[in-house]
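**Student:** What follows is coords-v7.txt; its format and atoms are compact mmCIF, C-alpha atoms and all ligand atoms.
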```txt
# COMPACT_ATOMS: atom_id res chain seq x y z
CA ASP A 76 39.60 105.93 105.80
CA TRP A 77 40.64 103.74 108.70
CA THR A 78 37.78 104.70 111.04
CA MET A 79 35.27 103.40 108.51
CA GLN A 80 37.37 100.29 107.92
CA GLU A 81 37.34 99.74 111.66
CA PHE A 82 33.59 100.36 111.75
CA ILE A 83 33.05 97.58 109.20
CA GLY A 84 35.00 95.05 111.23
CA LYS A 85 33.24 95.97 114.46
CA GLU A 86 29.80 96.06 112.91
CA ILE A 87 30.25 92.68 111.22
CA ASN A 88 31.28 91.17 114.57
CA ARG A 89 28.33 92.82 116.29
CA ILE A 90 25.90 91.45 113.68
CA ARG A 91 27.37 87.96 114.06
CA GLU A 92 27.01 88.13 117.84
CA ILE A 93 23.42 89.36 117.64
CA CYS A 94 22.38 86.81 115.03
CA GLY A 95 24.12 83.82 116.59
CA SER A 96 24.46 80.68 114.50
CA SER A 97 20.95 80.15 113.17
CA GLY A 98 17.85 82.05 112.10
CA ARG A 99 17.37 84.36 109.19
CA VAL A 100 17.41 88.08 108.58
CA ILE A 101 15.23 89.68 105.93
CA GLY A 102 15.37 93.20 104.61
CA ALA A 103 13.73 95.31 101.95
CA VAL A 104 16.00 96.77 99.29
CA SER A 105 15.17 99.61 96.93
CA GLY A 106 18.29 100.14 94.85
CA GLY A 107 19.16 103.18 96.95
CA VAL A 108 22.41 103.73 98.84
CA ASP A 109 21.21 102.95 102.36
CA SER A 110 19.46 99.65 101.73
CA THR A 111 22.25 98.48 99.40
CA VAL A 112 25.01 99.25 101.91
CA ALA A 113 23.01 97.65 104.75
CA ALA A 114 22.36 94.54 102.64
CA LYS A 115 26.01 94.20 101.63
CA LEU A 116 27.14 94.54 105.23
CA MET A 117 24.65 91.88 106.29
CA HIS A 118 25.84 89.59 103.52
CA GLU A 119 29.45 90.01 104.64
CA ALA A 120 28.41 89.12 108.18
CA ILE A 121 26.08 86.16 107.72
CA GLY A 122 26.06 85.29 103.99
CA ASP A 123 22.97 83.45 102.79
CA ARG A 124 21.19 83.66 106.11
CA PHE A 125 20.39 87.19 104.97
CA HIS A 126 17.62 87.42 102.40
CA ALA A 127 16.90 90.68 100.57
CA ILE A 128 13.46 91.40 99.13
CA MET A 129 12.75 93.96 96.44
CA VAL A 130 9.10 94.80 95.87
CA ASP A 131 8.31 96.06 92.38
CA ASN A 132 5.41 98.39 93.16
CA GLY A 133 4.82 99.40 89.53
CA VAL A 134 6.02 102.96 90.19
CA LEU A 135 9.78 102.41 90.05
CA ARG A 136 12.11 104.11 87.62
CA LEU A 137 12.86 102.63 84.19
CA ASN A 138 14.44 99.13 84.46
CA GLU A 139 14.99 99.61 88.17
CA ALA A 140 14.14 96.08 89.32
CA ALA A 141 16.48 94.56 86.72
CA GLN A 142 19.26 96.91 87.79
CA VAL A 143 18.88 95.98 91.44
CA ASP A 144 19.03 92.31 90.49
CA GLU A 145 22.19 92.91 88.48
CA MET A 146 23.87 94.86 91.27
CA LEU A 147 22.82 93.13 94.47
CA ASN A 148 22.51 89.58 93.30
CA LYS A 149 24.94 89.21 90.38
CA ASN A 150 27.65 91.71 91.44
CA LEU A 151 27.48 91.70 95.23
CA GLY A 152 26.28 88.11 95.66
CA VAL A 153 23.36 88.98 97.95
CA ASN A 154 20.50 86.48 98.23
CA LEU A 155 17.63 88.40 96.58
CA THR A 156 13.97 87.89 95.70
CA ILE A 157 12.25 90.36 93.41
CA VAL A 158 8.48 90.34 93.73
CA ASP A 159 6.54 91.85 90.84
CA ALA A 160 3.49 93.23 92.64
CA SER A 161 2.94 96.04 90.14
CA SER A 162 -0.58 94.90 89.20
CA LEU A 163 -1.74 94.84 92.80
CA PHE A 164 -0.32 98.30 93.53
CA LEU A 165 -1.70 99.86 90.35
CA GLN A 166 -5.09 98.29 90.96
CA ARG A 167 -5.26 99.73 94.48
CA LEU A 168 -4.09 103.12 93.18
CA GLU A 169 -6.74 103.25 90.48
CA GLY A 170 -8.49 106.63 90.34
CA VAL A 171 -6.65 107.94 93.42
CA GLU A 172 -5.44 111.54 93.13
CA ASP A 173 -4.83 112.60 96.71
CA PRO A 174 -1.10 112.50 97.56
CA GLU A 175 -1.49 111.28 101.14
CA GLN A 176 -3.92 108.63 99.98
CA LYS A 177 -1.34 107.46 97.41
CA ARG A 178 1.30 107.27 100.14
CA LYS A 179 -0.98 105.30 102.44
CA ILE A 180 -1.99 102.79 99.77
CA ILE A 181 1.60 102.23 98.70
CA GLY A 182 2.86 101.94 102.29
CA ASN A 183 0.17 99.46 103.31
CA THR A 184 0.39 97.39 100.14
CA PHE A 185 4.15 97.25 100.56
CA ILE A 186 3.73 95.81 104.03
CA ASN A 187 1.21 93.21 102.76
CA VAL A 188 3.50 92.06 99.95
CA PHE A 189 6.65 92.08 102.04
CA GLU A 190 4.99 90.10 104.79
CA GLU A 191 3.67 87.50 102.38
CA GLU A 192 7.13 87.10 100.86
CA ALA A 193 8.75 86.80 104.28
CA THR A 194 6.32 84.01 105.14
CA LYS A 195 7.28 82.18 101.94
CA ILE A 196 10.96 82.49 102.76
CA GLU A 197 10.34 81.16 106.24
CA ALA A 198 8.49 78.15 104.79
CA GLU A 199 11.53 77.14 102.70
CA LYS A 200 12.91 73.91 104.10
CA ASP A 201 16.57 74.70 103.49
CA GLY A 202 17.78 74.43 107.06
CA LYS A 203 18.39 78.17 107.46
CA GLY A 204 15.66 78.40 110.06
CA ARG A 205 13.09 80.93 111.11
CA VAL A 206 13.05 84.55 110.06
CA GLU A 207 13.97 86.34 113.27
CA TRP A 208 15.31 89.75 112.32
CA LEU A 209 14.34 92.60 110.08
CA LEU A 210 17.15 94.67 108.60
CA GLN A 211 16.50 98.39 108.31
CA GLY A 212 18.78 100.96 106.69
CA THR A 213 17.89 103.62 109.25
CA LEU A 214 20.44 106.46 109.48
CA TYR A 215 21.26 108.67 112.45
CA PRO A 216 19.17 111.63 111.19
CA ASP A 217 16.13 109.29 110.95
CA VAL A 218 16.70 108.13 114.52
CA ILE A 219 16.91 111.72 115.74
CA GLU A 220 13.88 112.80 113.73
CA SER A 221 11.73 110.02 115.10
CA ILE A 222 12.55 110.65 118.76
CA SER A 223 12.55 114.44 118.85
CA PHE A 224 11.52 117.41 116.77
CA LYS A 225 9.50 116.60 113.68
CA GLY A 226 10.68 118.79 110.84
CA PRO A 227 8.29 120.36 108.33
CA SER A 228 8.60 117.58 105.75
CA ALA A 229 7.98 114.85 108.32
CA THR A 230 4.75 116.44 109.50
CA ILE A 231 3.50 117.61 106.11
CA LYS A 232 4.06 114.31 104.34
CA THR A 233 3.77 110.80 105.70
CA HIS A 234 6.98 108.82 105.23
CA HIS A 235 6.38 105.11 105.34
CA ASN A 236 8.72 102.38 106.44
CA VAL A 237 8.22 98.71 107.21
CA GLY A 238 7.91 99.26 110.96
CA GLY A 239 4.37 97.85 110.91
CA LEU A 240 5.80 94.43 110.19
CA LEU A 241 7.27 94.13 113.64
CA LYS A 242 3.86 93.88 115.23
CA ASP A 243 2.67 90.91 113.20
CA MET A 244 5.82 88.90 112.66
CA LYS A 245 7.47 89.82 115.94
CA LEU A 246 10.73 90.44 114.17
CA LYS A 247 13.66 91.94 116.01
CA LEU A 248 15.07 95.04 114.40
CA ILE A 249 18.65 95.22 113.21
CA GLU A 250 19.92 98.66 112.14
CA PRO A 251 23.64 98.62 111.27
CA LEU A 252 23.63 102.22 109.94
CA ARG A 253 21.85 103.84 112.87
CA GLU A 254 24.92 105.77 114.03
CA LEU A 255 25.91 107.07 110.62
CA PHE A 256 25.26 110.18 108.56
CA LYS A 257 24.64 109.98 104.82
CA ASP A 258 28.20 110.89 103.82
CA GLU A 259 29.51 108.16 106.15
CA VAL A 260 27.18 105.61 104.55
CA ARG A 261 28.60 106.63 101.16
CA ALA A 262 32.17 106.19 102.44
CA LEU A 263 31.18 102.81 103.85
CA GLY A 264 29.66 101.85 100.49
CA ARG A 265 32.93 102.67 98.69
CA LEU A 266 34.90 100.53 101.13
CA LEU A 267 32.45 97.69 100.54
CA SER A 268 33.17 97.98 96.77
CA ILE A 269 29.76 99.28 95.84
CA PRO A 270 30.16 101.12 92.52
CA ALA A 271 30.46 104.93 92.62
CA PRO A 272 27.28 105.72 90.60
CA LEU A 273 25.20 103.79 93.13
CA VAL A 274 26.96 105.28 96.13
CA GLN A 275 26.30 108.80 94.79
CA ARG A 276 22.68 108.20 93.84
CA HIS A 277 20.04 110.86 94.48
CA PRO A 278 17.34 109.89 97.00
CA PHE A 279 14.15 108.35 95.62
CA PRO A 280 10.92 108.40 97.64
CA GLY A 281 9.24 105.17 98.76
CA PRO A 282 5.97 106.01 96.96
CA GLY A 283 8.08 106.43 93.83
CA LEU A 284 6.62 107.81 90.63
CA ALA A 285 3.11 107.77 92.13
CA ILE A 286 3.88 111.09 93.83
CA ARG A 287 5.41 112.45 90.61
CA ILE A 288 2.32 111.73 88.54
CA LEU A 289 -0.16 114.45 89.35
CA GLY A 290 -3.62 113.00 89.00
CA PRO A 291 -4.44 109.28 88.76
CA VAL A 292 -1.66 106.72 88.30
CA THR A 293 -2.02 104.37 85.33
CA ARG A 294 0.43 102.06 83.59
CA ASP A 295 0.49 104.43 80.59
CA GLN A 296 1.24 107.46 82.76
CA VAL A 297 4.00 105.53 84.54
CA LYS A 298 5.53 104.59 81.19
CA ILE A 299 5.56 108.20 79.97
CA LEU A 300 7.15 109.48 83.16
CA GLN A 301 9.74 106.67 83.26
CA GLN A 302 10.92 107.56 79.75
CA ALA A 303 11.08 111.30 80.42
CA ASP A 304 12.86 110.81 83.73
CA HIS A 305 15.36 108.42 82.16
CA ILE A 306 16.29 110.92 79.44
CA TYR A 307 16.56 113.74 81.99
CA ILE A 308 18.94 111.83 84.28
CA GLU A 309 20.94 110.46 81.36
CA GLU A 310 21.58 113.98 80.01
CA ILE A 311 22.47 115.29 83.48
CA ARG A 312 25.04 112.49 83.80
CA LYS A 313 26.42 113.13 80.28
CA ALA A 314 26.86 116.81 81.15
CA GLY A 315 28.82 115.77 84.27
CA LEU A 316 26.38 117.57 86.57
CA TYR A 317 24.82 114.67 88.49
CA ASN A 318 26.97 115.02 91.60
CA GLU A 319 26.40 118.79 91.80
CA ILE A 320 22.67 118.24 92.19
CA ALA A 321 21.10 116.87 95.38
CA GLN A 322 18.04 115.52 93.63
CA ALA A 323 16.67 115.69 90.08
CA PHE A 324 13.56 114.13 88.61
CA ALA A 325 10.72 114.64 86.14
CA VAL A 326 7.09 115.24 87.07
CA LEU A 327 4.09 114.44 84.87
CA LEU A 328 1.45 117.16 84.93
CA PRO A 329 -2.27 116.38 84.60
CA VAL A 330 -2.92 118.99 81.94
CA ARG A 331 -2.70 119.01 78.17
CA ALA A 332 -1.29 121.75 76.02
CA VAL A 333 -1.41 122.47 72.33
CA GLY A 334 1.67 122.01 70.18
CA VAL A 335 2.69 121.41 66.60
CA MET A 336 4.56 118.54 64.97
CA GLY A 337 5.26 118.73 61.23
CA ASP A 338 2.02 120.24 59.96
CA GLN A 339 -0.06 118.55 62.64
CA ARG A 340 -1.57 120.17 65.69
CA THR A 341 -0.93 118.16 68.85
CA TYR A 342 -2.71 118.22 72.19
CA GLU A 343 -0.54 116.40 74.70
CA GLN A 344 0.73 116.31 78.26
CA VAL A 345 3.41 118.42 79.92
CA ILE A 346 6.55 117.37 81.80
CA ALA A 347 7.99 119.53 84.58
CA LEU A 348 11.68 119.10 85.42
CA ARG A 349 12.88 119.54 88.98
CA ALA A 350 16.49 119.80 90.20
CA VAL A 351 17.55 121.09 93.59
CA GLN A 352 20.63 121.74 95.65
CA SER A 353 20.22 121.05 99.33
CA GLU A 354 22.13 120.06 102.45
CA ASP A 355 19.41 118.19 104.31
CA PHE A 356 16.24 118.59 102.19
CA MET A 357 14.59 120.73 104.87
CA THR A 358 15.34 123.66 102.61
CA ALA A 359 16.37 123.56 98.97
CA ASP A 360 17.29 125.88 96.11
CA TRP A 361 16.38 125.23 92.51
CA TYR A 362 19.42 124.37 90.44
CA VAL A 363 20.69 126.70 87.71
CA PHE A 364 21.38 124.58 84.62
CA PRO A 365 23.49 125.71 81.69
CA ALA A 366 20.92 126.65 79.03
CA GLU A 367 22.26 124.21 76.44
CA VAL A 368 21.75 121.27 78.80
CA LEU A 369 18.09 122.21 79.32
CA ARG A 370 17.72 122.69 75.58
CA ARG A 371 19.04 119.18 74.89
CA ILE A 372 16.85 117.61 77.56
CA SER A 373 13.72 119.37 76.35
CA SER A 374 14.33 118.53 72.73
CA ARG A 375 15.00 114.85 73.51
CA ILE A 376 11.92 114.50 75.73
CA THR A 377 9.53 116.11 73.25
CA ASN A 378 11.03 114.12 70.35
CA GLU A 379 11.35 110.74 72.04
CA VAL A 380 8.48 110.51 74.53
CA LEU A 381 5.14 109.86 72.89
CA GLY A 382 2.41 111.88 74.60
CA ILE A 383 4.58 114.85 75.65
CA ASN A 384 4.78 118.05 73.61
CA ARG A 385 6.00 120.54 76.21
CA VAL A 386 8.67 120.69 78.92
CA THR A 387 8.85 123.23 81.75
CA TYR A 388 11.51 123.85 84.39
CA ASP A 389 10.52 124.32 88.03
CA ILE A 390 12.11 127.44 89.56
CA SER A 391 10.58 127.12 93.03
CA SER A 392 12.68 126.85 96.16
CA LYS A 393 11.77 125.08 99.40
CA PRO A 394 10.10 126.79 101.16
CA PRO A 395 7.55 127.67 99.94
CA GLY A 396 7.60 124.74 97.51
CA THR A 397 8.54 121.25 98.63
CA VAL A 398 11.07 119.16 96.73
CA GLU A 399 8.41 116.78 95.42
CA TRP A 400 5.26 118.19 93.81
CA LEU A 401 3.03 115.98 95.96
P1 LIG A 501 9.75 117.20 100.28
O1 LIG A 501 8.87 116.99 99.07
O2 LIG A 501 9.05 116.88 101.58
O3 LIG A 501 10.92 116.15 100.13
O4 LIG A 501 10.40 118.55 100.29
C1 LIG A 501 12.07 116.11 100.94
C2 LIG A 501 12.78 114.80 100.65
O5 LIG A 501 11.96 113.72 101.08
C3 LIG A 501 11.65 112.86 99.99
N1 LIG A 501 10.25 112.41 100.14
C4 LIG A 501 9.89 111.17 100.48
N2 LIG A 501 10.63 110.08 100.74
N3 LIG A 501 8.65 108.85 101.13
C5 LIG A 501 10.00 108.91 101.05
O6 LIG A 501 10.65 107.89 101.27
C6 LIG A 501 7.84 109.90 100.89
O7 LIG A 501 6.62 109.80 100.97
C7 LIG A 501 8.51 111.13 100.55
N4 LIG A 501 8.04 112.38 100.26
C8 LIG A 501 9.14 113.14 100.00
C9 LIG A 501 11.86 113.70 98.74
O8 LIG A 501 12.15 112.88 97.61
C10 LIG A 501 13.03 114.57 99.16
O9 LIG A 501 14.26 113.88 99.02
```
Would you mind giving the structure from this file in structure tokens?
**Tutor:**
Amino acid sequence: DWTMQEFIGKEINRIREICGSSGRVIGAVSGGVDSTVAAKLMHEAIGDRFHAIMVDNGVLRLNEAAQVDEMLNKNLGVNLTIVDASSLFLQRLEGVEDPEQKRKIIGNTFINVFEEEATKIEAEKDGKGRVEWLLQGTLYPDVIESISFKGPSATIKTHHNVGGLLKDMKLKLIEPLRELFKDEVRALGRLLSIPAPLVQRHPFPGPGLAIRILGPVTRDQVKILQQADHIYIEEIRKAGLYNEIAQAFAVLLPVRAVGVMGDQRTYEQVIALRAVQSEDFMTADWYVFPAEVLRRISSRITNEVLGINRVTYDISSKPPGTVEWL
């Protein structure tokens, strides 16, 4: 793909011109495709003057922070700080059930933590200078969405980014992906030697598992959902179906149902599984699994995840459902 190869060369030159010979760039990374590709590109352009920050908000997927460390820092050589702010997030989320309230708390807390970390980086006396730019993995569809028509999902649910930072830190924005569509970012990722499983990853919302736990978010609830979600995705991958599905995840319902284990009656929580096919997530169809795959997933989740005795499959399309349950 020579056009993408050419894009890389041009974009690296452009970044170098913009950033000159001193001053630092910071950027939030999530483990997703966009932020990883943007970070790698920045690293290629200015090396250690780019500093990536990953905020562990306590509602990430199983082992996610460790995986990002392994990938970005150890494999791709990107300068990375992981901040474990899970206690702060979970404390602020305590007792909160309303989805928009969850989004707001997570968005605002993210900005607080990110800003504090950026200030620490700036204070380092390592000769790399002031933090002057903020890297954002904005894609072309995001640019379009923010300047014109707001689609249903944008108006129904608040999507947070770190834009608020600009006001306080007066950072200049750098958006190397702003002319690209998702499939182009994936192609770019492959050319930058980012491993295929990461390049093909399903999207994951900023508010993370907090909007997949119906009802209040606690450490115990997070743990249950992380385990169920991990099994679900693992079995989808084993069945070779991951790339056929646009997005798949587990949801933890706030109800309890009766079940039986051995000769014991149980009264435990319920997991809902969601998988959709979609072009742009404005509309989506529920995915038709082979029955034996669902059987395996259900049996593993009920056997392996303590606190779950029932698994259901969500057969709602968007509209009238949304992709997420909250
Ligand atoms: P919905 O639920 O609106 O989801 O049909 C459409 C797509 O958007 C993602 N989504 C979010 N992403 N912050 C995000 O970064 C959010 O608050 C948020 N809410 C939904 C969802 O995962 C799906 O890919």
**Student:** Give the answer as one residue: which of A:Asp144, A:Asp131, A:Glu379, A:Glu172 has the shortest atom-to-atom distance to Gly283 of chain A, using all atoms listed in the file?
**Tutor:** A:Asp131
**Student:** Quick one: distance from atom CA of Ser110 of chain A to atom CA of Ile299 of chain A in Å, one decimal?
**Tutor:**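 A separation of 27.2 Å between them.
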**Student:** So which residues are near ligand LIG 501 (chain A), meaning at most 8 Å away with all atoms listed in the file counted, given back as a PyMOL selection string?
**Tutor:** chain A and resi 178+227-229+231-236+277-283+286+322+356-359+393+396-401
**Student:** Would you output that residue set with C-alpha atoms, as a JSON list (two decimals), keeping the file's coordinate frame?
**Tutor:**
```json
[["chain", "number", "residue", "atom", "x", "y", "z"],
["A", 178, "ARG", "CA", 1.30, 107.27, 100.14],
["A", 227, "PRO", "CA", 8.29, 120.36, 108.33],
["A", 228, "SER", "CA", 8.60, 117.58, 105.75],
["A", 229, "ALA", "CA", 7.98, 114.85, 108.32],
["A", 231, "ILE", "CA", 3.50, 117.61, 106.11],
["A", 232, "LYS", "CA", 4.06, 114.31, 104.34],
["A", 233, "THR", "CA", 3.77, 110.80, 105.70],
["A", 234, "HIS", "CA", 6.98, 108.82, 105.23],
["A", 235, "HIS", "CA", 6.38, 105.11, 105.34],
["A", 236, "ASN", "CA", 8.72, 102.38, 106.44],
["A", 277, "HIS", "CA", 20.04, 110.86, 94.48],
["A", 278, "PRO", "CA", 17.34, 109.89, 97.00],
["A", 279, "PHE", "CA", 14.15, 108.35, 95.62],
["A", 280, "PRO", "CA", 10.92, 108.40, 97.64],
["A", 281, "GLY", "CA", 9.24, 105.17, 98.76],
["A", 282, "PRO", "CA", 5.97, 106.01, 96.96],
["A", 283, "GLY", "CA", 8.08, 106.43, 93.83],
["A", 286, "ILE", "CA", 3.88, 111.09, 93.83],
["A", 322, "GLN", "CA", 18.04, 115.52, 93.63],
["A", 356, "PHE", "CA", 16.24, 118.59, 102.19],
["A", 357, "MET", "CA", 14.59, 120.73, 104.87],
["A", 358, "THR", "CA", 15.34, 123.66, 102.61],
["A", 359, "ALA", "CA", 16.37, 123.56, 98.97],
["A", 393, "LYS", "CA", 11.77, 125.08, 99.40],
["A", 396, "GLY", "CA", 7.60, 124.74, 97.51],
["A", 397, "THR", "CA", 8.54, 121.25, 98.63],
["A", 398, "VAL", "CA", 11.07, 119.16, 96.73],
["A", 399, "GLU", "CA", 8.41, 116.78, 95.42],
["A", 400, "TRP", "CA", 5.26, 118.19, 93.81],
["A", 401, "LEU", "CA", 3.03, 115.98, 95.96]]
```
**Student:** Can you tell me, as a compact mmCIF listing (two decimals) with C-alpha atoms, in the frame of the given file, what residues are no more than 9 Å from Arg124 of chain A when counting only C-alpha atoms, ignoring any on the same chain fewer than 4 positions away?
**Tutor:**
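Writing the result to part08.txt gives the following:
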```
# COMPACT_ATOMS: atom_id res chain seq x y z
CA SER A 97 20.95 80.15 113.17
CA GLY A 98 17.85 82.05 112.10
CA ARG A 99 17.37 84.36 109.19
CA VAL A 100 17.41 88.08 108.58
CA ILE A 101 15.23 89.68 105.93
CA MET A 117 24.65 91.88 106.29
CA HIS A 118 25.84 89.59 103.52
CA ASN A 154 20.50 86.48 98.23
CA LYS A 203 18.39 78.17 107.46
CA GLY A 204 15.66 78.40 110.06
```
**Student:** Would you list the contacts of Asp258 of chain A as a ChimeraX atom specification, taking every protein, DNA or RNA residue within 12 Å and counting only C-alpha atoms, but skipping same-chain residues closer than 4 positions in sequence?
**Tutor:** /A:79,108-109,214-216,252,254,262-265,274-276,354-355
**Student:** Neighbours of segment 85-87 of chain A within 8 Å (only C-alpha atoms; same-chain residues fewer than 6 positions away dropped), as a PyMOL selection string?
**Tutor:** chain A and resi 116-117+119-120+251
**Student:** Ile180 of chain A: which residues within 12 Å, counting all atoms listed in the file, same-chain residues fewer than 5 positions away excluded, as a PyMOL selection string?
**Tutor:** chain A and resi 132+163-169+171-175+185-187+233+235+281-282+285-286
**Student:** Name the closest residue to Gly170 of chain A among the candidates A:Leu289, A:Met336, A:Ala303, A:Val363; distances are taken between atoms, counting only C-alpha atoms.
**Tutor:**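 Using only C-alpha atoms, the shortest distance to Gly170 of chain A belongs to A:Leu289.
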**Student:** A:Glu207, A:Glu343, A:Asp217, A:Asp159: which is nearest Ala140 of chain A, counting only C-alpha atoms?
**Tutor:**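 Among the listed residues, A:Asp159 lies closest to Ala140 of chain A.
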**Student:** Atom CA of Ile269 of chain A and atom CA of Ser96 of chain A, how far apart in Å?
**Tutor:** 26.9 Å
**Student:** I'd like the neighbourhood of Ala323 of chain A as a list of chain:residue names, where a residue qualifies if any of its atoms comes within 8 Å (using all atoms listed in the file), though same-chain residues fewer than 6 positions away should be ignored.
**Tutor:**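 Near Ala323 of chain A, the qualifying residues are A:His277, A:Ile308, A:Leu348, A:Arg349, A:Ala350, A:Val351.
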**Student:** Choose the residue, out of A:Gly107, A:Val386, A:Asp360, A:Leu273, that has the smallest atom-to-atom separation from Gly334 of chain A; count all atoms listed in the file.
**Tutor:**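 Ranking A:Gly107, A:Val386, A:Asp360, A:Leu273 by distance to Gly334 of chain A, first place goes to A:Val386.
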**Student:** Quick one: of A:Cys94, A:Ala347, A:Val333, A:Ile372, who's nearest to Ile311 of chain A, counting all atoms listed in the file?
**Tutor:**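 Looking at the shortest contact to Ile311 of chain A, the residue is A:Ile372.
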**Student:** To test the calculation: enclose all listed atoms of segment 142-159 of chain A in a box whose edges run along x, y and z, add 8 Å on each side, then state centre and edge lengths in Å to one decimal, as lines of an AutoDock Vina configuration file.
**Tutor:**
```
center_x = 17.1
center_y = 91.7
center_z = 93.0
size_x = 37.1
size_y = 26.4
size_z = 26.4
```
**Student:** Would you compute the distance between atom CA of Tyr362 of chain A and atom CA of Ile376 of chain A? Give it in Å to one decimal.
**Tutor:**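 Taking atom CA of Tyr362 of chain A and atom CA of Ile376 of chain A, their separation equals 19.2 Å.
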**Student:** Looking at A:Val143, A:Ile181, A:Val158, A:Ala325, which one is nearest to Lys195 of chain A, with distances taken over all atoms listed in the file?
**Tutor:**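 Nearest to Lys195 of chain A: A:Val158.
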